[in-house]
Amino acid sequence: MEIVHVSAECYPVAKAGGLGDVVGALPKYLNKLGHNAKVVMPMYRTRFLYQNEWEVDFKGRGQMGSYWFDYTIIKEKHNKLGFSLYLVDINGLLDREKIYGYGDDTERFTAFQIAVVDWINHWQHKPDVLHCHDHHTALIPFIVKHSYQYNRLADVPTVLTIHNAQYQGWMGWDKAALLPVFDTWKAGQLEWNKTINPLASGIKCAWKVTTVSWSYLEELRTYANGLEKLLEYEKGKCVGILNGIDTDVWNPATDPFVNHHYNYSTVDAGKAANKLELCKEFELEQTNPLVVFIGRLVGEKAADVLPDAVLSALYGLQGKVNFLILGNGEPHVEWQLNQLKGNFPGNYNVFIGYDEALSHRIYAGADFLLMPSRVEPCGLNQMYAMKYGTVPMVRSTGGLKDTVVDMGDWQGWGIRFNHASVGDIAYSVTRAVDVYADKKQMTAMRSHMMQIDHSWEHSVQQYVDIYQSLKY
Ligand code: ADP
Ligand code: GLC
């Protein structure tokens with residue numbers, strides 16, 4: 001089958017979080033099964049763009065209200081990523097350094113979606129499925145269904161994957177004029193709570209909707225940033241499919257970012273060597289258990305609780321534990337985490353910023369990975385941690401609930417807690433310190449979780465089943 005993934009992110013081209021990882025891996029694993037999956041995304045000014053070779057695939061013209069724009073579709077020449085990769089170049093709109101965060105993001109992603117549909121409309125044939133990811137691409141199911149200009153594509157099945165329902169791409173009704181002219185009787189298919197809501201529109205118009213874990217799908221019916229009733233109403237076409245991890249990229253036995261490679265039978269020695277380097281680099285004492293956090297410093301990840309939780313744990317345990325944090329996000333959280341630095345020399349450090357290579361070294365060198373997320377649709381960090389023999393400490397929510405079993409339960413290997421609170425985190429850290437002292441149990445847990453199969457091979461067939469169910 002020919003499946004076109006439309007996304008704002010795709011690793012290693014451009015990534016802000018897990019969406020990039022998923023879109024960089026799922027098509028590759030679909031192709032390994034013999035399908036023809038491709039990715040189309042905006043052409044940002046990223047390093048990948050300049051370091052690879054491209055050919056022009058198509059040049060076209062799109063209309064966004066009264067604004068006409070030229071667009072060019074370029075294709076990566078050598079199929080390096082295991083799938084055909086197409087970038088949409090729209091001069092002045094998409095060719096910027098960052099993925100998101102501009103005042104005209106609405107126009108940028110609307111133009112992107114129009115260009116993608118216009119391009120596919122020029123193909124001689126039609127693809128089997130258009131697979132859209134998150135709100136930046138969620139207007140496509142509406143556009144192909146209800147706009148006059150692209151009506152030829154109305155019978156192309158569409159799938160929308162919700163990676164994160166917190167962000168919905170809301171825009172005022174004045175922006176309706178930006179969309180290709182559509183049947184105004186269908187305007188309700190764009191709306192939720194009196195505004196244009198792209199994510200809601202995608203949920204209404206896509207043939208199938210998937211979420212990235214089973215528990216998140218359940219949770220969305222009661223907690224979906226305003227979309228609860230819609231998701232309840234549309235539950236018949238919604239399916240939860242747990243993300244996988246790309247074991248070509250995330251494997252401690254081969255990871256090029258990691259200096260000391262190891263597998264489940266050499267995990268203790270391998271982690272010790274990586275930890276030693278990490279501790280030297282961040283001036284941390286080497287014999288303590290090392291608890292780390294990697295992620296966006298935002299409310300969803302409960303990053304605001306981290307400064308107090310770290311303080312409480314460090315005072316409570318009197319220097320018997322170390323923390324290392326890698327992240328960026330809300331400025332006041334960055335500031336607070338930086339402030340803590342001088343207070344606990346040898347026990348605490350933080351790197352504010354985004355650093356892919358460092359993240360791999362931290363997964364490899366850490367003992368425990370903390371994820372107190374308030375919302376976690378799937379979460380990839382905990383799965384990377386497990387693959388690297390790092391014990392996950394997670395709040396029981398969304399995909400974290402579906403992938404981590406508490407060490408107090410039968411054959412469990414992780415630490416789970418219920419609240420994104422200082423008390424729950426500090427208590428979990430004491431549990432971590434206790435189990436760390438039991439070398440035998442640590443080794444058993446590490447080696448057990450490293451052998452759990454979270455690879456895409458496991459999940460990809462479920463997407464294929466969905467695509468096939470849409471064939472007519
Ligand atoms: P989300 O997509 O909500 O941010 P996920 O757990 O799905 O959460 O994925 C986060 C991804 O982003 C992981 O690959 C993680 O390693 C990476 N990541 C997050 N913050 C950073 C950072 N500051 N530096 C490097 N990698 C990061
Ligand atoms: C989102 C979610 C995260 C998920 C990722 C990939 O960013 O916040 O939980 O793992 O998408 O699906």
# chains A, B, ... in the order shown; residues from 1 in each chain; ligands from 1

call {"tool": "residues_near_ligand", "arguments": {"ligand": "ligand 2", "cutoff": "10 Å", "atoms": "only C-alpha atoms and all ligand atoms", "output": "VMD selection string"}}
result
chain A and resid 16 to 23 133 to 134 161 to 167 211 to 213 216 241 to 245 296 300 to 301 373 375 to 383 398 to 400

call {"tool": "closest_atom_pairs", "arguments": {"of": "range 312-360 of chain A", "to": "range 248-251 of chain A", "cutoff": "12 Å", "atoms": "only C-alpha atoms", "output": "JSON lines"}}
result
{"residue": "A:Glu356", "atom": "CA", "partner": "A:Val249", "partner_atom": "CA", "distance": 11.6}
{"residue": "A:Ala357", "atom": "CA", "partner": "A:Trp250", "partner_atom": "CA", "distance": 11.5}
{"residue": "A:Ser359", "atom": "CA", "partner": "A:Trp250", "partner_atom": "CA", "distance": 11.0}
{"residue": "A:His360", "atom": "CA", "partner": "A:Trp250", "partner_atom": "CA", "distance": 8.1}

call {"tool": "residues_around", "arguments": {"residues": "His448 in chain A", "least_positions_apart": "6", "cutoff": "10 Å", "atoms": "only C-alpha atoms", "output": "PDB file with all heavy atoms, in the first residue's frame"}}
result
ATOM      1  N   TYR A 264      22.299  -6.700  27.447  1.00  0.00           N
ATOM      2  CA  TYR A 264      21.683  -7.047  28.739  1.00  0.00           C
ATOM      3  C   TYR A 264      22.576  -7.912  29.625  1.00  0.00           C
ATOM      4  O   TYR A 264      22.431  -7.925  30.827  1.00  0.00           O
ATOM      5  CB  TYR A 264      20.299  -7.687  28.549  1.00  0.00           C
ATOM      6  CG  TYR A 264      20.334  -9.062  27.908  1.00  0.00           C
ATOM      7  CD1 TYR A 264      20.472 -10.209  28.692  1.00  0.00           C
ATOM      8  CD2 TYR A 264      20.215  -9.206  26.537  1.00  0.00           C
ATOM      9  CE1 TYR A 264      20.503 -11.469  28.105  1.00  0.00           C
ATOM     10  CE2 TYR A 264      20.245 -10.456  25.949  1.00  0.00           C
ATOM     11  CZ  TYR A 264      20.404 -11.585  26.739  1.00  0.00           C
ATOM     12  OH  TYR A 264      20.443 -12.814  26.151  1.00  0.00           O
ATOM     13  N   SER A 265      23.552  -8.608  29.014  1.00  0.00           N
ATOM     14  CA  SER A 265      24.395  -9.428  29.884  1.00  0.00           C
ATOM     15  C   SER A 265      25.635  -8.673  30.361  1.00  0.00           C
ATOM     16  O   SER A 265      26.319  -9.120  31.274  1.00  0.00           O
ATOM     17  CB  SER A 265      24.779 -10.737  29.181  1.00  0.00           C
ATOM     18  OG  SER A 265      25.481 -10.439  28.006  1.00  0.00           O
ATOM     19  N   MET A 386      14.396   2.025  29.382  1.00  0.00           N
ATOM     20  CA  MET A 386      14.372   0.569  29.614  1.00  0.00           C
ATOM     21  C   MET A 386      15.351  -0.148  28.689  1.00  0.00           C
ATOM     22  O   MET A 386      16.061  -1.055  29.105  1.00  0.00           O
ATOM     23  CB  MET A 386      12.959   0.036  29.398  1.00  0.00           C
ATOM     24  CG  MET A 386      11.975   0.515  30.449  1.00  0.00           C
ATOM     25  SD  MET A 386      10.388  -0.296  30.198  1.00  0.00           S
ATOM     26  CE  MET A 386       9.341   1.056  29.832  1.00  0.00           C
ATOM     27  N   LYS A 387      15.382   0.298  27.448  1.00  0.00           N
ATOM     28  CA  LYS A 387      16.286  -0.332  26.480  1.00  0.00           C
ATOM     29  C   LYS A 387      17.747  -0.148  26.914  1.00  0.00           C
ATOM     30  O   LYS A 387      18.618  -0.946  26.575  1.00  0.00           O
ATOM     31  CB  LYS A 387      16.047   0.318  25.107  1.00  0.00           C
ATOM     32  CG  LYS A 387      16.827  -0.227  23.973  1.00  0.00           C
ATOM     33  CD  LYS A 387      16.274  -1.547  23.468  1.00  0.00           C
ATOM     34  CE  LYS A 387      17.267  -2.192  22.518  1.00  0.00           C
ATOM     35  NZ  LYS A 387      17.002  -3.574  22.256  1.00  0.00           N
ATOM     36  N   GLY A 389      18.659  -0.020  30.090  1.00  0.00           N
ATOM     37  CA  GLY A 389      18.826  -0.567  31.439  1.00  0.00           C
ATOM     38  C   GLY A 389      18.688   0.465  32.540  1.00  0.00           C
ATOM     39  O   GLY A 389      19.208   0.281  33.646  1.00  0.00           O
ATOM     40  N   GLN A 411       6.954  -9.587  38.809  1.00  0.00           N
ATOM     41  CA  GLN A 411       7.941  -9.404  37.735  1.00  0.00           C
ATOM     42  C   GLN A 411       8.126  -7.948  37.319  1.00  0.00           C
ATOM     43  O   GLN A 411       8.512  -7.655  36.198  1.00  0.00           O
ATOM     44  CB  GLN A 411       7.547 -10.228  36.504  1.00  0.00           C
ATOM     45  CG  GLN A 411       7.729 -11.720  36.727  1.00  0.00           C
ATOM     46  CD  GLN A 411       7.745 -12.498  35.429  1.00  0.00           C
ATOM     47  OE1 GLN A 411       7.188 -12.092  34.426  1.00  0.00           O
ATOM     48  NE2 GLN A 411       8.393 -13.645  35.446  1.00  0.00           N
ATOM     49  N   GLY A 412       7.806  -7.017  38.216  1.00  0.00           N
ATOM     50  CA  GLY A 412       7.939  -5.594  37.899  1.00  0.00           C
ATOM     51  C   GLY A 412       9.392  -5.149  37.948  1.00  0.00           C
ATOM     52  O   GLY A 412      10.243  -5.803  38.551  1.00  0.00           O
ATOM     53  N   TRP A 413       9.663  -4.012  37.316  1.00  0.00           N
ATOM     54  CA  TRP A 413      11.044  -3.535  37.236  1.00  0.00           C
ATOM     55  C   TRP A 413      11.146  -2.006  37.346  1.00  0.00           C
ATOM     56  O   TRP A 413      12.225  -1.454  37.310  1.00  0.00           O
ATOM     57  CB  TRP A 413      11.655  -3.953  35.902  1.00  0.00           C
ATOM     58  CG  TRP A 413      10.900  -3.305  34.766  1.00  0.00           C
ATOM     59  CD1 TRP A 413      11.149  -2.082  34.223  1.00  0.00           C
ATOM     60  CD2 TRP A 413       9.737  -3.790  34.108  1.00  0.00           C
ATOM     61  NE1 TRP A 413      10.206  -1.794  33.260  1.00  0.00           N
ATOM     62  CE2 TRP A 413       9.334  -2.830  33.168  1.00  0.00           C
ATOM     63  CE3 TRP A 413       8.977  -4.958  34.234  1.00  0.00           C
ATOM     64  CZ2 TRP A 413       8.210  -2.987  32.361  1.00  0.00           C
ATOM     65  CZ3 TRP A 413       7.876  -5.110  33.407  1.00  0.00           C
ATOM     66  CH2 TRP A 413       7.505  -4.141  32.479  1.00  0.00           C
ATOM     67  N   MET A 442      19.092  -4.892  41.299  1.00  0.00           N
ATOM     68  CA  MET A 442      19.326  -3.911  40.224  1.00  0.00           C
ATOM     69  C   MET A 442      19.723  -4.624  38.930  1.00  0.00           C
ATOM     70  O   MET A 442      19.190  -4.336  37.861  1.00  0.00           O
ATOM     71  CB  MET A 442      20.455  -2.940  40.602  1.00  0.00           C
ATOM     72  CG  MET A 442      20.054  -1.750  41.412  1.00  0.00           C
ATOM     73  SD  MET A 442      18.765  -0.721  40.670  1.00  0.00           S
ATOM     74  CE  MET A 442      19.673   0.321  39.571  1.00  0.00           C
TER      75      MET A 442
END

call {"tool": "atom_distance", "arguments": {"atom1": "CA of Val209 in chain A", "atom2": "CA of Cys238 in chain A"}}
result
4.7 Å

call {"tool": "select_by_dssp", "arguments": {"residues": "range 391-423 of chain A", "states": "helix (DSSP H, G or I)", "output": "count of residues only"}}
result
8

call {"tool": "closest_residue", "arguments": {"among": "A:Trp456, A:Trp123, A:Phe293, A:Tyr150", "to": "ligand 1", "atoms": "only C-alpha atoms and all ligand atoms"}}
result
A:Phe293

call {"tool": "closest_residue", "arguments": {"among": "A:His135, A:Thr247, A:Lys341, A:Phe112", "to": "Ala25 in chain A", "atoms": "only C-alpha atoms"}}
result
A:Thr247

call {"tool": "closest_residue", "arguments": {"among": "A:Phe69, A:Tyr100, A:Trp54, A:Phe351", "to": "Lys15 in chain A", "atoms": "only C-alpha atoms"}}
result
A:Tyr100

call {"tool": "residues_around", "arguments": {"residues": "Val144 in chain A", "least_positions_apart": "3", "cutoff": "6 Å", "atoms": "only C-alpha atoms", "output": "PyMOL selection string"}}
result
chain A and resi 141+150-151+153-154

call {"tool": "residues_around", "arguments": {"residues": "Tyr148 in chain A", "least_positions_apart": "2", "cutoff": "9 Å", "atoms": "only C-alpha atoms", "output": "list in words"}}
result
Ile143, Val144, Lys145, His146, Tyr150, Asn151, Arg152, Pro180, Val181, Phe182 and Asp183 of chain A

call {"tool": "atom_distance", "arguments": {"atom1": "CA of Gly365 in chain A", "atom2": "CA of Gln286 in chain A"}}
result
10.9 Å

call {"tool": "atom_distance", "arguments": {"atom1": "CA of Ala206 in chain A", "atom2": "CA of Ile140 in chain A"}}
result
8.6 Å

call {"tool": "closest_residue", "arguments": {"among": "A:Thr46, A:Thr106, A:Ser147, A:Asn274", "to": "Glu9 in chain A", "atoms": "only C-alpha atoms"}}
result
A:Thr46

call {"tool": "closest_residue", "arguments": {"among": "A:Lys77, A:His125, A:Arg361, A:Lys275", "to": "ligand 1", "atoms": "only C-alpha atoms and all ligand atoms"}}
result
A:Arg361
